[in-house]
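Asker: I'd like to ask you about the structure that follows.
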Amino acid sequence: MSGAKALGRRLLPQCVALAAILILIWFNFPGFFAIEMQNGRLYGSLIDVMNRGAPVALLAVGMTLVIATRGIDLSVGAVMAICGAVAAASSVRGDPLAVTLVMSLGIGLLCGLWNGVLVAILNIQPIVATLVLMVAGRGIAQLITEGAILTFNDPGLIFIGSGSLFGLPMPVVLWLVFGIAVALIIRRTALGLLIEATGVNRRAATLSGIQAPAFLIMAYVLSGLCAALAGLIVTADIRGADANNAGLWLELDAILAVVVGGNSLLGGRFSIIASLIGAMIIQAVNTGILLSGFPPEFNLIIKAAIIVLILLIQSPRLSHLAAFVRPAGPAAPAQGKSVAGGASAGDARDIKKLERTAS
Amino acid sequence: MNAKTLPLIATLVIFIAAFAICTLQYPTMLSTRVIGNLLTDNAFLGIAAVGMTFVILSGGIDLSIGSVIAFTSVFLAVMLEGTSIHPLLAFVLALAITTAFGALMGAIIHFLEMPPFIVTLAGMFLARGMAFVLSIDSIPIRHPFYATLKSAYWVMPGGGRLTLIGGAMLLVFLAGIIIAQRTRFGTNVYALGGGAHTAALMGVPVGRTTIGIYALSGFVAGLSGIAYSLYTSAGYSLATVGVELDAIAAVVIGGTLLTGGAGFVGGTLIGVLIQGLIQTYITFDGTLSSWWTKILIGGLLFAFILLQKGILSLSSGRRRLTMKGA
């Protein structure tokens, strides 16, 4: 009933933006939507967008939850490098694939736990807490690879980067399955609501009996796991661990994907699916600029322009203005919103204001 | 000694202790040559970190400075190699552009109520993109005026050279300290960092101050870009990637609270020098690999955050005690 409808309304701007960008590319590059089957695997530009967007999409899943708790995780790029280095080092040592994967994912979980403990237990501001690992992490990754690019030949590990399952490239399968699984688990249980409550107002959440630290740590641990998966994909894709460049600046792309997905950096209401679409928007823009034959120098400017445009649309000040312009007749949308789940970012600010004036 | 100055003093003590340990191991490190190089090599980072200190004191963040430095250096290189204008005029033009760029970001942050993190992230992409559009090559600057500026240095006793950019960094820090401590604008910045709502109620012009802070950061990043182009005698659009993180780390190690409202510009200088010292030590040692720099800086960052946390909880605990006593 209204659940699906609300989700549809929530995802509409992102879907429209993605469709607009895809159609724009298609105008310049007519073969864009062509997909063909070869050797039991799908090929085509669209599949390529999904494949190349896999690391950012995976990071965006964890980042969405972290941002929903009013946090931010700057360390994911460095964690990718660490986990990639651990996997490559383990593979070079001749460990079986299972051990390699468990070690790599385990290190990712540990990194997330470290961030989570700093934020939740020591009450350090998320941006600083994760900055520590962001600065030190790349050094640690270089320590593991000893400054070289570690290459490996384990076919199992390589399969994660360039194999295919059900006709789709393995990275696409990974982010689709992982993203949808996390979204379902979070939304089919009370977890999502509790995370939103923690993000909107941590004190109020604690006072109403929510174990806020546990949810904060959980969000960062999940972000670490996502980073480990993304690191495995990137490492397996190039069949080597590059501690310097693996995941470099991807944390910014992931944060961008979450923001483009319409999630507020002030925490509260979130949608993982919207963030995944956001990641695809970013990748479609990147691919589109390359395909359309623009000089690559313009890539960043176009990206900046698109971000500013999307941010303008989402700006709280502008939406206030829009509320004045909108005819006052059907007041239903506002109600529908609050039914759809939790308090909006605007509500969060109002609550904070109230709290401030009260104290 | 109170809770306000304790992080600054701790930073200073750590710097002196670290320098003493380095000197014990390598006695030649205590020379004006090493100190002169420390200042010259970190000049552009130090200058940019002054602007970052103001931004962080006000409770914001500026991710764009690395890109703005690169843009300025490419802009100068293109102007000086492509046209015949005098470098001083090019400096003025570059500073005008970067200041306007910073002011624009400040205006967007204030008027559209957008988080500084995302606005300056877009600014980071935009400035880097503009640098790419100007040129994707590394352009050498061969203007004779640059040679004159580079040869302008003061020989310190002991043979060390205080170069122009090293001296400029110290001057920028001096100016920053005066602005932060002795002007109305500086007081407004601290007030804003304490809480935008409270500051507005106290009559602080929030909009003007916010725009001023980011304009100042843009201006200082432009200065840093000039210093960087003097340092390398070239303009390259891929240069100084990630300098904003080094600057943030320097500010935090310098004892400024990232939540804003507390800290000193002078501490940032020591934060920059500590980072430089780690690099110098690794160069002197020769066997340590470069990645230890990152790990050590990360560790220091962590130690300082913990220190600040401890001081904050101690001071708030004491305040509670005194309140109970009264």
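Naming works like this for the structure tokens: A, B, ... for the chains as they're shown, residue 1 at the start of each chain, ligands 1 onward in shown order.
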Taking only C-alpha atoms into account and nothing else, which residues of chain B lie no more than 6 Å away from chain A? Please answer as a list in words.

Answerer: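 That gives Leu112, Ala122, Phe125, Leu126, Gly129, Phe132, Val133, Trp291, Lys294, Ile295 and Gly298 of chain B for chain B.
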
Asker: Can you pull out every residue within 10 Å of B:Val204, counting only C-alpha atoms, but drop anything in the same chain fewer than 2 positions away, and send it as a PyMOL selection string?

Answerer: chain B and resi 184-185+187-189+191-192+196-202+206-209

Asker: Mind pulling up the distance from atom CA of B:Leu258 to atom CA of B:Tyr214?

Answerer: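 Atom CA of B:Leu258 lies at a distance of 16.2 Å from atom CA of B:Tyr214.
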
Asker: Which residues come within 9 Å of B:Glu81, counting only C-alpha atoms, excluding same-chain residues fewer than 4 positions away, as a ChimeraX atom specification?

Answerer: /B:76-77,139-143

Asker: Keeping C-alpha atoms for every residue in the selection just given, could you write it to a file as a PDB file, in the first residue's frame?

Answerer:
```pdb
ATOM      1  CA  LEU B  76      50.434  32.091 -12.281  1.00  0.00           C
ATOM      2  CA  ALA B  77      52.384  29.809 -14.607  1.00  0.00           C
ATOM      3  CA  ILE B 139      54.497  24.476 -16.733  1.00  0.00           C
ATOM      4  CA  PRO B 140      57.877  25.798 -15.623  1.00  0.00           C
ATOM      5  CA  ILE B 141      58.034  29.486 -14.646  1.00  0.00           C
ATOM      6  CA  ARG B 142      61.162  31.111 -16.056  1.00  0.00           C
ATOM      7  CA  HIS B 143      60.376  34.738 -15.321  1.00  0.00           C
TER       8      HIS B 143
END
```

Asker: A:Val172: which residues within 12 Å, counting only C-alpha atoms, same-chain residues fewer than 6 positions away excluded, as an MDAnalysis selection string?

Answerer: chainID A and resid 41:42 46:58 160:166 178:180 230 233 276 280

Asker: Limited to N, CA and C atoms, could you put the picked residues into a file as an mmCIF file, in the first residue's frame?

Answerer:
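Done, and the output landed in again-v5.cif:
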```cif
data_model
loop_
_atom_site.group_PDB
_atom_site.id
_atom_site.type_symbol
_atom_site.label_atom_id
_atom_site.label_comp_id
_atom_site.auth_asym_id
_atom_site.auth_seq_id
_atom_site.Cartn_x
_atom_site.Cartn_y
_atom_site.Cartn_z
ATOM 1 N N ARG A 41 27.934 -13.806 -20.484
ATOM 2 C CA ARG A 41 28.056 -12.598 -19.659
ATOM 3 C C ARG A 41 27.535 -11.431 -20.479
ATOM 4 N N LEU A 42 26.831 -10.518 -19.807
ATOM 5 C CA LEU A 42 26.280 -9.358 -20.492
ATOM 6 C C LEU A 42 27.369 -8.315 -20.701
ATOM 7 N N LEU A 46 25.912 0.245 -20.324
ATOM 8 C CA LEU A 46 25.111 0.324 -19.106
ATOM 9 C C LEU A 46 25.680 -0.606 -18.038
ATOM 10 N N ILE A 47 26.042 -1.836 -18.468
ATOM 11 C CA ILE A 47 26.646 -2.795 -17.540
ATOM 12 C C ILE A 47 27.969 -2.233 -17.029
ATOM 13 N N ASP A 48 28.672 -1.547 -17.919
ATOM 14 C CA ASP A 48 29.963 -0.978 -17.553
ATOM 15 C C ASP A 48 29.807 0.082 -16.463
ATOM 16 N N VAL A 49 28.761 0.915 -16.609
ATOM 17 C CA VAL A 49 28.492 1.927 -15.579
ATOM 18 C C VAL A 49 28.280 1.239 -14.233
ATOM 19 N N MET A 50 27.460 0.167 -14.248
ATOM 20 C CA MET A 50 27.166 -0.532 -12.987
ATOM 21 C C MET A 50 28.423 -1.183 -12.426
ATOM 22 N N ASN A 51 29.270 -1.694 -13.317
ATOM 23 C CA ASN A 51 30.481 -2.391 -12.886
ATOM 24 C C ASN A 51 31.481 -1.411 -12.279
ATOM 25 N N ARG A 52 31.700 -0.304 -12.969
ATOM 26 C CA ARG A 52 32.682 0.659 -12.477
ATOM 27 C C ARG A 52 32.181 1.411 -11.249
ATOM 28 N N GLY A 53 30.880 1.499 -11.122
ATOM 29 C CA GLY A 53 30.331 2.204 -9.968
ATOM 30 C C GLY A 53 30.272 1.336 -8.730
ATOM 31 N N ALA A 54 30.694 0.047 -8.851
ATOM 32 C CA ALA A 54 30.527 -0.892 -7.743
ATOM 33 C C ALA A 54 31.206 -0.436 -6.447
ATOM 34 N N PRO A 55 32.497 -0.011 -6.474
ATOM 35 C CA PRO A 55 33.122 0.375 -5.192
ATOM 36 C C PRO A 55 32.376 1.517 -4.503
ATOM 37 N N VAL A 56 32.026 2.555 -5.258
ATOM 38 C CA VAL A 56 31.337 3.692 -4.646
ATOM 39 C C VAL A 56 29.960 3.263 -4.136
ATOM 40 N N ALA A 57 29.276 2.397 -4.901
ATOM 41 C CA ALA A 57 27.958 1.942 -4.471
ATOM 42 C C ALA A 57 28.058 1.183 -3.147
ATOM 43 N N LEU A 58 29.068 0.303 -3.046
ATOM 44 C CA LEU A 58 29.243 -0.449 -1.802
ATOM 45 C C LEU A 58 29.552 0.497 -0.639
ATOM 46 N N ILE A 160 36.498 -12.269 -7.999
ATOM 47 C CA ILE A 160 35.701 -11.214 -7.359
ATOM 48 C C ILE A 160 35.743 -9.939 -8.185
ATOM 49 N N GLY A 161 36.871 -9.686 -8.829
ATOM 50 C CA GLY A 161 37.004 -8.445 -9.575
ATOM 51 C C GLY A 161 36.510 -8.540 -10.996
ATOM 52 N N SER A 162 36.752 -9.707 -11.653
ATOM 53 C CA SER A 162 36.433 -9.737 -13.078
ATOM 54 C C SER A 162 35.625 -10.963 -13.498
ATOM 55 N N GLY A 163 35.179 -11.765 -12.541
ATOM 56 C CA GLY A 163 34.354 -12.906 -12.898
ATOM 57 C C GLY A 163 32.925 -12.475 -13.179
ATOM 58 N N SER A 164 32.061 -13.449 -13.465
ATOM 59 C CA SER A 164 30.656 -13.088 -13.656
ATOM 60 C C SER A 164 29.757 -14.171 -13.087
ATOM 61 N N LEU A 165 28.598 -13.736 -12.638
ATOM 62 C CA LEU A 165 27.628 -14.634 -12.006
ATOM 63 C C LEU A 165 26.258 -14.249 -12.552
ATOM 64 N N PHE A 166 25.460 -15.222 -12.973
ATOM 65 C CA PHE A 166 24.128 -14.972 -13.552
ATOM 66 C C PHE A 166 24.223 -13.967 -14.703
ATOM 67 N N PHE A 178 24.364 -7.144 -1.815
ATOM 68 C CA PHE A 178 24.709 -6.596 -0.506
ATOM 69 C C PHE A 178 23.823 -5.392 -0.169
ATOM 70 N N GLY A 179 23.689 -4.480 -1.138
ATOM 71 C CA GLY A 179 22.900 -3.266 -0.892
ATOM 72 C C GLY A 179 21.458 -3.595 -0.567
ATOM 73 N N ILE A 180 20.859 -4.487 -1.386
ATOM 74 C CA ILE A 180 19.453 -4.791 -1.175
ATOM 75 C C ILE A 180 19.268 -5.571 0.129
ATOM 76 N N ALA A 230 34.640 -3.311 -0.967
ATOM 77 C CA ALA A 230 35.049 -2.452 -2.079
ATOM 78 C C ALA A 230 36.544 -2.600 -2.335
ATOM 79 N N ILE A 233 37.215 -5.752 -4.256
ATOM 80 C CA ILE A 233 36.862 -5.630 -5.674
ATOM 81 C C ILE A 233 37.958 -4.884 -6.429
ATOM 82 N N LEU A 276 22.279 4.257 -3.448
ATOM 83 C CA LEU A 276 22.787 3.409 -4.532
ATOM 84 C C LEU A 276 22.518 4.073 -5.883
ATOM 85 N N MET A 280 25.120 5.499 -8.771
ATOM 86 C CA MET A 280 25.008 5.256 -10.213
ATOM 87 C C MET A 280 24.962 6.574 -10.985
#
```

Asker: Just list the residues in stretch 214-288 of chain A DSSP gives alpha helix (DSSP H) on the backbone, as a VMD selection string.

Answerer: chain A and resid 214 to 238 250 to 260 272 to 288

Asker: Taking 2 positions as the minimum chain separation for residues in the same chain, which residues sit within 7 Å of stretch 110-113 of chain A when counting only C-alpha atoms? Answer as a JSON list (two decimals) with N, CA and C atoms, in the first residue's frame.

Answerer:
```json
[["chain", "number", "residue", "atom", "x", "y", "z"],
["A", 79, "VAL", "N", 40.69, 2.44, 4.40],
["A", 79, "VAL", "CA", 40.35, 1.07, 4.81],
["A", 79, "VAL", "C", 40.35, 0.15, 3.59],
["A", 106, "GLY", "N", 37.64, -9.24, 7.98],
["A", 106, "GLY", "CA", 37.80, -9.06, 9.43],
["A", 106, "GLY", "C", 38.55, -7.76, 9.75],
["A", 107, "ILE", "N", 39.59, -7.48, 8.97],
["A", 107, "ILE", "CA", 40.33, -6.23, 9.20],
["A", 107, "ILE", "C", 39.42, -5.03, 8.95],
["A", 108, "GLY", "N", 38.57, -5.15, 7.92],
["A", 108, "GLY", "CA", 37.62, -4.06, 7.64],
["A", 108, "GLY", "C", 36.70, -3.84, 8.83],
["A", 115, "ASN", "N", 36.77, 3.04, 14.53],
["A", 115, "ASN", "CA", 36.07, 4.31, 14.32],
["A", 115, "ASN", "C", 34.86, 4.43, 15.23],
["A", 116, "GLY", "N", 34.10, 3.33, 15.30],
["A", 116, "GLY", "CA", 32.87, 3.36, 16.09],
["A", 116, "GLY", "C", 33.15, 3.62, 17.56],
["A", 117, "VAL", "N", 34.19, 2.97, 18.09],
["A", 117, "VAL", "CA", 34.53, 3.17, 19.51],
["A", 117, "VAL", "C", 34.94, 4.62, 19.74],
["A", 217, "ILE", "N", 28.19, 2.32, 16.82],
["A", 217, "ILE", "CA", 29.28, 1.39, 16.51],
["A", 217, "ILE", "C", 28.87, 0.49, 15.35],
["A", 220, "TYR", "N", 29.34, 2.22, 12.00],
["A", 220, "TYR", "CA", 30.74, 2.33, 11.55],
["A", 220, "TYR", "C", 31.32, 0.97, 11.19],
["A", 221, "VAL", "N", 30.92, -0.07, 11.94],
["A", 221, "VAL", "CA", 31.40, -1.42, 11.62],
["A", 221, "VAL", "C", 30.91, -1.83, 10.24],
["A", 222, "LEU", "N", 29.63, -1.53, 9.95],
["A", 222, "LEU", "CA", 29.09, -1.87, 8.63],
["A", 222, "LEU", "C", 29.84, -1.10, 7.55],
["A", 223, "SER", "N", 30.15, 0.17, 7.85],
["A", 223, "SER", "CA", 30.89, 0.98, 6.88],
["A", 223, "SER", "C", 32.26, 0.36, 6.62],
["A", 224, "GLY", "N", 32.90, -0.15, 7.70],
["A", 224, "GLY", "CA", 34.19, -0.81, 7.54],
["A", 224, "GLY", "C", 34.07, -2.05, 6.67]]
```

Asker: Give me the residues within 12 Å of A:Thr145 as a PyMOL selection string, counting only C-alpha atoms and dropping any in the same chain fewer than 3 places off.

Answerer: (chain A and resi 81-90+92+138-142+148-151+240-244) or (chain B and resi 289+291)

Asker: Pull N, CA and C atoms from the residues just selected and write them as a short mmCIF file (atom, residue, chain, number, x, y, z; two decimals), in the first residue's frame.

Answerer:
```cif
data_model
loop_
_atom_site.label_atom_id
_atom_site.label_comp_id
_atom_site.auth_asym_id
_atom_site.auth_seq_id
_atom_site.Cartn_x
_atom_site.Cartn_y
_atom_site.Cartn_z
N ALA A 81 42.25 0.45 1.04
CA ALA A 81 43.66 0.17 0.74
C ALA A 81 44.21 -0.88 1.70
N ILE A 82 43.87 -0.75 3.00
CA ILE A 82 44.37 -1.72 4.00
C ILE A 82 43.85 -3.12 3.66
N CYS A 83 42.52 -3.23 3.43
CA CYS A 83 41.93 -4.55 3.21
C CYS A 83 42.45 -5.17 1.92
N GLY A 84 42.63 -4.33 0.89
CA GLY A 84 43.20 -4.84 -0.36
C GLY A 84 44.61 -5.36 -0.12
N ALA A 85 45.39 -4.60 0.65
CA ALA A 85 46.77 -5.00 0.92
C ALA A 85 46.79 -6.31 1.72
N VAL A 86 45.89 -6.42 2.72
CA VAL A 86 45.83 -7.64 3.53
C VAL A 86 45.49 -8.84 2.65
N ALA A 87 44.50 -8.65 1.76
CA ALA A 87 44.09 -9.75 0.89
C ALA A 87 45.24 -10.17 -0.02
N ALA A 88 45.91 -9.18 -0.62
CA ALA A 88 47.00 -9.51 -1.54
C ALA A 88 48.14 -10.19 -0.80
N ALA A 89 48.49 -9.66 0.38
CA ALA A 89 49.59 -10.25 1.15
C ALA A 89 49.26 -11.68 1.54
N SER A 90 48.01 -11.90 1.94
CA SER A 90 47.59 -13.23 2.34
C SER A 90 47.62 -14.19 1.16
N VAL A 92 49.48 -13.90 -1.54
CA VAL A 92 50.87 -14.13 -1.95
C VAL A 92 51.51 -15.18 -1.04
N ARG A 138 46.57 4.77 5.09
CA ARG A 138 47.34 4.56 3.86
C ARG A 138 48.79 4.18 4.20
N GLY A 139 49.28 4.76 5.31
CA GLY A 139 50.61 4.38 5.76
C GLY A 139 50.64 2.92 6.18
N ILE A 140 49.58 2.49 6.90
CA ILE A 140 49.52 1.09 7.34
C ILE A 140 49.46 0.16 6.13
N ALA A 141 48.66 0.56 5.12
CA ALA A 141 48.56 -0.27 3.91
C ALA A 141 49.92 -0.39 3.23
N GLN A 142 50.67 0.72 3.20
CA GLN A 142 52.00 0.67 2.59
C GLN A 142 52.95 -0.18 3.42
N ALA A 148 55.52 -1.69 -2.21
CA ALA A 148 55.44 -2.18 -3.58
C ALA A 148 53.98 -2.47 -3.93
N ILE A 149 53.72 -2.74 -5.21
CA ILE A 149 52.39 -3.19 -5.59
C ILE A 149 52.43 -4.71 -5.58
N LEU A 150 51.69 -5.31 -4.65
CA LEU A 150 51.70 -6.77 -4.51
C LEU A 150 50.78 -7.38 -5.55
N THR A 151 51.31 -8.24 -6.40
CA THR A 151 50.44 -8.88 -7.38
C THR A 151 50.24 -10.34 -6.99
N GLY A 240 46.23 -6.81 -8.03
CA GLY A 240 47.35 -6.36 -7.21
C GLY A 240 46.88 -5.31 -6.23
N ALA A 241 47.60 -5.18 -5.12
CA ALA A 241 47.24 -4.19 -4.12
C ALA A 241 48.12 -2.97 -4.28
N ASP A 242 47.49 -1.83 -4.59
CA ASP A 242 48.22 -0.59 -4.74
C ASP A 242 47.87 0.29 -3.54
N ALA A 243 48.76 0.28 -2.54
CA ALA A 243 48.44 0.96 -1.29
C ALA A 243 48.29 2.46 -1.49
N ASN A 244 48.94 3.01 -2.50
CA ASN A 244 48.88 4.46 -2.70
C ASN A 244 47.58 4.91 -3.33
N SER B 289 60.96 4.04 6.26
CA SER B 289 60.28 4.28 5.00
C SER B 289 59.32 5.44 5.15
N TRP B 291 56.29 5.78 4.59
CA TRP B 291 54.93 5.60 5.13
C TRP B 291 54.86 5.80 6.64
#
```

Asker: What's the 6 Å shell around B:Ala48, counting only C-alpha atoms, without same-chain residues fewer than 4 positions away, as a compact mmCIF listing (two decimals) with C-alpha atoms, in the first residue's frame?

Answerer:
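Contents of out-v2.txt, freshly written:
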```txt
# COMPACT_ATOMS: atom_id res chain seq x y z
CA VAL B 220 45.37 32.74 2.36
CA ALA B 221 45.12 29.69 0.08
CA SER B 224 49.94 29.71 -0.24
```

Asker: Using only C-alpha atoms, which of the listed residues (A:Leu65, A:Ile310, A:Ala34, A:Ala257) sits closest to A:Ala284?

Answerer: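 Between A:Leu65, A:Ile310, A:Ala34, A:Ala257, the residue approaching A:Ala284 most closely is A:Ala257.
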
Asker: Select from stretch 168-302 of chain A everything DSSP, run on the backbone, classes as strand (DSSP E or B), then give the selection as a ChimeraX atom specification.

Answerer: /A:168-169,240-241
